[in-house]
file target_19.csv (CSV, C-alpha atoms and all ligand atoms)
chain,number,residue,atom,x,y,z
A,194,MET,CA,91.8,112.4,104.6
A,195,ILE,CA,90.8,112.6,108.3
A,196,ILE,CA,88.1,110.5,109.9
A,197,ASP,CA,86.2,111.6,113.0
A,198,THR,CA,85.1,108.2,114.4
A,199,HIS,CA,82.9,109.4,117.2
A,200,ALA,CA,80.7,112.6,117.1
A,201,HIS,CA,77.2,113.7,118.1
A,202,LEU,CA,76.5,116.0,115.2
A,203,TYR,CA,72.7,115.7,115.7
A,204,ASP,CA,73.1,117.4,119.1
A,205,THR,CA,71.0,120.6,119.3
A,206,ASP,CA,74.2,122.5,120.0
A,207,PHE,CA,74.8,122.3,116.2
A,208,ASP,CA,71.2,123.3,115.2
A,209,SER,CA,72.1,126.9,114.4
A,210,ASP,CA,75.2,126.2,112.2
A,211,ARG,CA,75.5,122.5,111.3
A,212,ASP,CA,76.1,123.3,107.6
A,213,LEU,CA,78.9,125.7,108.4
A,214,MET,CA,80.5,123.3,110.9
A,215,ILE,CA,80.5,120.6,108.3
A,216,ASN,CA,82.1,122.9,105.8
A,217,ARG,CA,84.8,123.7,108.2
A,218,ALA,CA,85.4,120.0,108.7
A,219,LYS,CA,85.6,119.5,104.9
A,220,LYS,CA,88.0,122.4,104.6
A,221,VAL,CA,90.6,120.7,106.9
A,222,GLY,CA,90.2,117.4,105.2
A,223,VAL,CA,87.7,115.5,107.3
A,224,SER,CA,86.3,112.9,104.8
A,225,HIS,CA,83.9,110.9,107.0
A,226,ILE,CA,82.2,111.6,110.4
A,227,PHE,CA,80.8,108.6,112.3
A,228,MET,CA,78.0,109.5,114.6
A,229,ALA,CA,77.5,107.6,117.9
A,230,ASN,CA,73.9,107.2,119.1
A,231,ILE,CA,72.6,107.9,122.7
A,232,ASP,CA,69.0,106.5,122.9
A,233,ALA,CA,65.7,106.0,121.1
A,234,GLU,CA,65.1,109.7,121.1
A,235,SER,CA,68.3,110.7,119.4
A,236,LEU,CA,68.1,108.0,116.8
A,237,PRO,CA,65.7,109.8,114.3
A,238,LEU,CA,67.7,113.1,114.8
A,239,MET,CA,70.9,111.2,113.9
A,240,LEU,CA,69.3,109.6,110.8
A,241,ASP,CA,68.1,113.0,109.6
A,242,VAL,CA,71.6,114.3,109.7
A,243,GLN,CA,72.9,111.2,107.9
A,244,ASN,CA,70.2,111.8,105.2
A,245,LYS,CA,71.2,115.4,104.8
A,246,TYR,CA,74.9,114.6,104.4
A,247,PRO,CA,75.0,111.2,102.6
A,248,ASN,CA,78.3,109.5,102.3
A,249,TYR,CA,79.7,111.9,104.8
A,250,CYS,CA,77.9,111.4,108.1
A,251,TYR,CA,77.4,107.8,109.1
A,252,SER,CA,75.3,106.4,111.9
A,253,MET,CA,75.8,103.9,114.7
A,254,LEU,CA,73.0,102.4,116.7
A,255,GLY,CA,73.1,102.0,120.5
A,256,LEU,CA,71.9,102.9,123.9
A,257,HIS,CA,74.5,104.9,125.9
A,258,PRO,CA,75.2,103.5,129.4
A,259,CYS,CA,74.2,106.8,131.0
A,260,HIS,CA,70.8,106.5,129.4
A,261,VAL,CA,70.2,103.0,130.7
A,262,LYS,CA,67.2,103.6,133.1
A,263,ASP,CA,64.1,101.8,134.2
A,264,ASP,CA,62.8,101.8,130.6
A,265,TYR,CA,66.0,100.3,129.1
A,266,ASN,CA,64.2,97.2,127.8
A,267,SER,CA,61.7,99.2,125.8
A,268,GLN,CA,64.5,101.5,124.6
A,269,LEU,CA,66.4,98.5,123.3
A,270,GLU,CA,63.3,97.2,121.7
A,271,ILE,CA,62.8,100.4,119.7
A,272,LEU,CA,66.5,100.5,118.7
A,273,TYR,CA,66.4,96.9,117.6
A,274,SER,CA,63.5,97.5,115.4
A,275,TYR,CA,65.7,99.9,113.4
A,276,LEU,CA,68.4,97.4,112.9
A,277,ASN,CA,66.8,95.7,109.9
A,278,LYS,CA,65.3,98.9,108.4
A,279,HIS,CA,68.5,101.0,108.2
A,280,GLN,CA,72.1,100.5,107.5
A,281,PHE,CA,74.4,101.2,110.5
A,282,LEU,CA,78.1,101.3,110.6
A,283,ALA,CA,78.5,100.0,114.1
A,284,ILE,CA,76.7,99.3,117.4
A,285,GLY,CA,77.5,102.3,119.7
A,286,GLU,CA,77.9,103.9,121.9
A,287,ILE,CA,77.5,101.1,124.4
A,288,GLY,CA,79.3,100.2,127.6
A,289,LEU,CA,79.5,100.9,131.3
A,290,ASP,CA,79.7,104.3,133.1
A,291,PHE,CA,80.1,104.1,136.9
A,292,PHE,CA,81.4,107.7,137.0
A,293,HIS,CA,78.2,109.6,136.7
A,294,ASP,CA,75.7,107.2,138.4
A,295,ILE,CA,75.7,103.6,139.6
A,296,THR,CA,71.9,103.3,140.2
A,297,TYR,CA,71.5,101.2,137.1
A,298,GLN,CA,74.7,99.3,137.3
A,299,LYS,CA,73.0,95.9,136.8
A,300,GLU,CA,71.0,97.1,133.9
A,301,GLN,CA,74.0,98.7,132.3
A,302,TYR,CA,75.7,95.2,132.3
A,303,GLN,CA,72.6,93.7,130.8
A,304,ALA,CA,72.2,96.4,128.1
A,305,LEU,CA,75.9,96.0,127.1
A,306,LYS,CA,75.6,92.3,126.7
A,307,ILE,CA,72.4,92.4,124.7
A,308,GLN,CA,73.9,95.0,122.3
A,309,ALA,CA,77.2,93.2,122.0
A,310,GLU,CA,75.1,90.3,120.8
A,311,TRP,CA,73.5,92.5,118.2
A,312,ALA,CA,76.9,93.4,116.9
A,313,PHE,CA,77.9,89.7,116.7
A,314,GLU,CA,74.6,88.8,114.9
A,315,GLN,CA,75.0,91.6,112.4
A,316,HIS,CA,78.7,91.4,111.9
A,317,LEU,CA,79.2,95.0,113.1
A,318,PRO,CA,82.0,96.5,115.1
A,319,ILE,CA,81.2,98.1,118.5
A,320,ASN,CA,81.9,101.5,119.8
A,321,ILE,CA,82.6,101.3,123.5
A,322,HIS,CA,82.0,104.0,126.1
A,323,SER,CA,83.7,103.1,129.4
A,324,ARG,CA,84.1,105.5,132.3
A,325,LYS,CA,85.5,104.4,135.7
A,326,ALA,CA,84.7,100.9,134.5
A,327,ASN,CA,87.5,99.7,132.1
A,328,ASP,CA,88.2,96.4,133.8
A,329,GLU,CA,84.5,95.7,134.2
A,330,THR,CA,83.8,96.5,130.6
A,331,ILE,CA,86.8,94.4,129.3
A,332,LYS,CA,85.8,91.4,131.5
A,333,THR,CA,82.1,91.6,130.4
A,334,LEU,CA,83.2,91.5,126.7
A,335,GLN,CA,85.7,88.7,127.4
A,336,ASP,CA,83.1,86.6,129.1
A,337,LEU,CA,80.7,86.6,126.2
A,338,PRO,CA,80.7,83.3,124.3
A,339,PHE,CA,81.3,85.1,121.0
A,340,SER,CA,83.9,87.5,122.4
A,341,LYS,CA,86.5,86.4,119.9
A,342,GLU,CA,84.2,87.5,117.0
A,343,LEU,CA,83.9,91.1,118.4
A,344,ASN,CA,86.0,94.0,117.4
A,345,GLY,CA,85.7,97.8,117.5
A,346,ILE,CA,86.8,100.9,119.2
A,347,PHE,CA,87.3,101.8,122.9
A,348,HIS,CA,86.1,105.4,122.5
A,349,CYS,CA,87.9,108.2,124.5
A,350,PHE,CA,90.3,105.7,126.0
A,351,SER,CA,91.6,106.8,129.4
A,352,GLY,CA,93.0,103.6,130.8
A,353,THR,CA,96.3,102.1,131.7
A,354,ALA,CA,99.0,100.7,129.4
A,355,GLN,CA,98.0,97.2,130.6
A,356,GLN,CA,94.3,97.8,129.7
A,357,ALA,CA,95.4,99.2,126.3
A,358,LYS,CA,97.5,96.0,125.7
A,359,THR,CA,94.6,93.8,126.7
A,360,LEU,CA,92.3,95.7,124.3
A,361,LEU,CA,94.7,95.4,121.4
A,362,ASN,CA,94.9,91.7,122.0
A,363,MET,CA,91.1,91.6,121.8
A,364,ASN,CA,91.1,93.2,118.4
A,365,PHE,CA,90.0,96.6,119.7
A,366,LEU,CA,91.3,100.0,118.7
A,367,ILE,CA,92.0,103.0,120.9
A,368,GLY,CA,89.9,106.1,120.2
A,369,ILE,CA,91.9,109.3,120.8
A,370,GLY,CA,90.5,112.8,120.9
A,371,GLY,CA,90.8,116.2,122.6
A,372,VAL,CA,91.8,114.8,126.0
A,373,VAL,CA,95.3,114.0,124.6
A,374,THR,CA,96.0,117.7,124.3
A,375,PHE,CA,95.1,118.5,127.9
A,376,LYS,CA,98.0,119.3,130.2
A,377,ASN,CA,99.0,116.4,132.4
A,378,ALA,CA,97.1,113.9,130.4
A,379,GLY,CA,98.7,110.6,131.5
A,380,LEU,CA,97.4,109.3,128.2
A,381,VAL,CA,100.6,110.5,126.5
A,382,ASP,CA,102.7,108.0,128.4
A,383,VAL,CA,100.2,105.2,127.7
A,384,LEU,CA,100.2,106.0,124.0
A,385,LYS,CA,104.0,105.5,123.9
A,386,THR,CA,103.1,101.8,124.4
A,387,VAL,CA,100.4,101.7,121.7
A,388,PRO,CA,101.4,101.3,118.0
A,389,LEU,CA,100.1,104.1,115.9
A,390,SER,CA,98.3,101.5,113.7
A,391,GLN,CA,95.9,100.7,116.6
A,392,ILE,CA,94.7,104.3,117.0
A,393,VAL,CA,91.8,106.1,115.5
A,394,LEU,CA,90.8,109.8,115.8
A,395,GLU,CA,87.6,111.1,117.3
A,396,THR,CA,86.1,114.3,118.7
A,397,ASP,CA,83.0,113.3,120.8
A,398,ALA,CA,81.8,116.7,119.5
A,399,PRO,CA,80.2,118.8,120.9
A,400,PHE,CA,82.1,117.5,124.0
A,401,LEU,CA,85.8,117.3,124.9
A,402,ALA,CA,87.2,120.1,122.8
A,403,PRO,CA,91.0,120.0,122.6
A,404,ALA,CA,93.3,122.7,123.9
A,405,PRO,CA,93.1,125.7,123.1
A,406,PHE,CA,89.3,125.3,123.0
A,407,ARG,CA,89.0,123.2,126.2
A,408,GLY,CA,85.5,123.8,127.7
A,409,LYS,CA,84.0,125.2,124.5
A,410,ARG,CA,81.9,123.4,121.9
A,411,ASN,CA,83.9,120.8,120.1
A,412,GLU,CA,83.7,120.1,116.3
A,413,SER,CA,85.3,117.8,113.8
A,414,ALA,CA,87.6,120.5,112.3
A,415,TYR,CA,89.4,120.7,115.6
A,416,LEU,CA,90.9,117.2,115.0
A,417,THR,CA,93.8,119.1,113.5
A,418,TYR,CA,94.9,119.9,117.1
A,419,VAL,CA,94.7,116.2,118.0
A,420,ILE,CA,96.7,115.3,114.9
A,421,GLU,CA,99.4,117.8,115.8
A,422,LYS,CA,99.7,116.4,119.3
A,423,LEU,CA,99.9,112.8,118.0
A,424,ALA,CA,102.6,113.7,115.5
A,425,ASP,CA,104.6,115.1,118.4
A,426,ILE,CA,104.0,111.9,120.5
A,427,TYR,CA,104.8,109.5,117.7
A,428,GLN,CA,107.7,111.7,116.3
A,429,THR,CA,106.2,111.8,112.8
A,430,THR,CA,104.4,114.1,110.5
A,431,PRO,CA,100.7,115.1,110.7
A,432,LEU,CA,100.3,113.6,107.2
A,433,GLU,CA,101.5,110.2,108.5
A,434,ILE,CA,99.1,110.4,111.4
A,435,LYS,CA,96.2,111.2,109.0
A,436,ASN,CA,97.1,108.4,106.6
A,437,ILE,CA,97.5,105.7,109.1
A,438,THR,CA,94.5,106.5,111.3
A,439,THR,CA,92.2,106.9,108.3
A,440,ASN,CA,93.2,103.6,106.9
A,441,THR,CA,92.7,101.9,110.2
A,442,ALA,CA,89.2,103.5,110.6
A,443,LEU,CA,88.1,102.5,107.1
A,444,LYS,CA,89.3,99.0,107.7
A,445,SER,CA,87.6,98.6,111.1
A,446,PHE,CA,84.3,100.0,109.9
A,447,ASN,CA,84.3,97.9,106.7
A,448,LEU,CA,84.5,100.9,104.4
A,449,LEU,CA,87.5,100.0,102.3
A,450,PRO,CA,86.6,99.9,98.7
B,1,ZN,ZN,80.0,110.0,122.7
call {"tool": "encode", "arguments": {"input": "target_19.csv", "output": "structure tokens"}}
result
Amino acid sequence: MIIDTHAHLYDTDFDSDRDLMINRAKKVGVSHIFMANIDAESLPLMLDVQNKYPNYCYSMLGLHPCHVKDDYNSQLEILYSYLNKHQFLAIGEIGLDFFHDITYQKEQYQALKIQAEWAFEQHLPINIHSRKANDETIKTLQDLPFSKELNGIFHCFSGTAQQAKTLLNMNFLIGIGGVVTFKNAGLVDVLKTVPLSQIVLETDAPFLAPAPFRGKRNESAYLTYVIEKLADIYQTTPLEIKNITTNTALKSFNLLP
């Protein structure tokens, strides 16, 4: 079994061949796909995909930091109204992104704190998006009065060994995807300091396709390339990578039977 812990399968990029793409994922052993939400607009699209592929595609709820704009309060209000109507696996993706745009920096902090509180209230893990803002994201989470109750995944981790260590101490897991296969990814050295039991697999599909598909549309079946690379880094077999990461993902998303 393989679990893709972060994908955007509702993206229009998959509208023409979503069925085929899911079949390809099943063929290589992907057993669950967790979908990260972007905003109030993507939410119904995501729930449609979940309904179409029950017990296979699971939904998270959240406002992505790049989508925090002037209307973020009304966005959050809409998202919150879904929390009691539907079952969500996690709150995500939420966080800080100072890479693309810092116009709404203050609002991004606000949205992160509010949504982290939802996770605390609902006993859900969080799926964190952090770009050029790792220290700020970590500090924001640590400063919350309920920070010790939080857990989750730092999606598409690209930080330092020290940041990884801090996150592991905070009960967070490291999400690893296609980036690990890129040439010169400093991530490989950082991973040598992270126990395999603290890692989960993810694609961020349709984005961040692994080598040899870099720059093309990504999909969950390509996780096999990430697994090969991790087996190489951890000096073990692909099977062991699958077993350990799947078990970790099921545990952290409360899906163990
Ligand atoms: Zn994402």
call {"tool": "residues_near_ligand", "arguments": {"input": "target_19.csv", "ligand": "ligand ZN 1 (chain B)", "cutoff": "7 Å", "atoms": "all atoms listed in the file", "output": "ChimeraX atom specification"}}
result
/A:199-201,229,286,397
call {"tool": "closest_residue", "arguments": {"input": "target_19.csv", "among": "A:Leu305, A:Leu269, A:Leu254, A:Leu389", "to": "Ile284 of chain A", "atoms": "all atoms listed in the file"}}
result
A:Leu254
call {"tool": "atom_distance", "arguments": {"input": "target_19.csv", "atom1": "atom CA of Ala398 of chain A", "atom2": "atom CA of Leu238 of chain A"}}
result
15.3 Å
call {"tool": "atom_distance", "arguments": {"input": "target_19.csv", "atom1": "atom CA of Asn362 of chain A", "atom2": "atom CA of Pro450 of chain A"}}
result
26.1 Å
call {"tool": "residues_around", "arguments": {"input": "target_19.csv", "residues": "Thr296 of chain A", "least_positions_apart": "4", "cutoff": "12 Å", "atoms": "all atoms listed in the file", "output": "list in words"}}
result
Pro258, Cys259, His260, Val261, Lys262, Asp263, Leu289, Asp290, Phe291, Phe292, Glu300, Gln301 and Tyr302 of chain A
call {"tool": "closest_residue", "arguments": {"input": "target_19.csv", "among": "A:Leu337, A:Ile369, A:Ala233, A:Cys250", "to": "Tyr273 of chain A", "atoms": "only C-alpha atoms"}}
result
A:Ala233
call {"tool": "residues_around", "arguments": {"input": "target_19.csv", "residues": "Gly288 of chain A", "least_positions_apart": "5", "cutoff": "7 Å", "atoms": "all atoms listed in the file", "output": "PDB file with C-alpha atoms, keeping the file's coordinate frame"}}
result
ATOM      1  CA  HIS A 257      74.500 104.900 125.900  1.00  0.00           C
ATOM      2  CA  PRO A 258      75.200 103.500 129.400  1.00  0.00           C
ATOM      3  CA  LEU A 305      75.900  96.000 127.100  1.00  0.00           C
ATOM      4  CA  ILE A 321      82.600 101.300 123.500  1.00  0.00           C
ATOM      5  CA  HIS A 322      82.000 104.000 126.100  1.00  0.00           C
ATOM      6  CA  SER A 323      83.700 103.100 129.400  1.00  0.00           C
ATOM      7  CA  THR A 330      83.800  96.500 130.600  1.00  0.00           C
TER       8      THR A 330
END
call {"tool": "atom_distance", "arguments": {"input": "target_19.csv", "atom1": "atom CA of Ile420 of chain A", "atom2": "atom CA of Ile434 of chain A"}}
result
6.5 Å
call {"tool": "closest_residue", "arguments": {"input": "target_19.csv", "among": "A:Lys306, A:Lys219, A:Lys278, A:Lys341", "to": "Tyr249 of chain A", "atoms": "all atoms listed in the file"}}
result
A:Lys219
call {"tool": "residues_near_point", "arguments": {"input": "target_19.csv", "point": "(87.2, 116.8, 121.6)", "cutoff": "9 Å", "atoms": "only C-alpha atoms", "output": "ChimeraX atom specification"}}
result
/A:200,369-372,395-404,406-407,410-413,415-416,419
call {"tool": "closest_residue", "arguments": {"input": "target_19.csv", "among": "A:Lys409, A:Lys332, A:His316, A:His279", "to": "Leu360 of chain A", "atoms": "only C-alpha atoms"}}
result
A:Lys332
call {"tool": "residues_around", "arguments": {"input": "target_19.csv", "residues": "Ser235 of chain A", "least_positions_apart": "3", "cutoff": "12 Å", "atoms": "all atoms listed in the file", "output": "ChimeraX atom specification"}}
result
/A:201-205,228-232,238-242,252-257,260,268,271-272
call {"tool": "closest_residue", "arguments": {"input": "target_19.csv", "among": "A:Ala312, A:Ala357, A:Ala378, A:Ile307", "to": "Thr333 of chain A", "atoms": "all atoms listed in the file"}}
result
A:Ile307
call {"tool": "closest_residue", "arguments": {"input": "target_19.csv", "among": "A:Leu380, A:Ala424, A:Cys349, A:Val373", "to": "Pro405 of chain A", "atoms": "only C-alpha atoms"}}
result
A:Val373
call {"tool": "residues_around", "arguments": {"input": "target_19.csv", "residues": "Ala283 of chain A", "least_positions_apart": "6", "cutoff": "6 Å", "atoms": "only C-alpha atoms", "output": "list in words"}}
result
Met253, Leu317, Pro318 and Ile319 of chain A
call {"tool": "write_last_selection", "arguments": {"input": "target_19.csv", "atoms": "C-alpha atoms", "output": "PDB file, in the frame of the given file"}}
result
ATOM      1  CA  MET A 253      75.800 103.900 114.700  1.00  0.00           C
ATOM      2  CA  LEU A 317      79.200  95.000 113.100  1.00  0.00           C
ATOM      3  CA  PRO A 318      82.000  96.500 115.100  1.00  0.00           C
ATOM      4  CA  ILE A 319      81.200  98.100 118.500  1.00  0.00           C
TER       5      ILE A 319
END
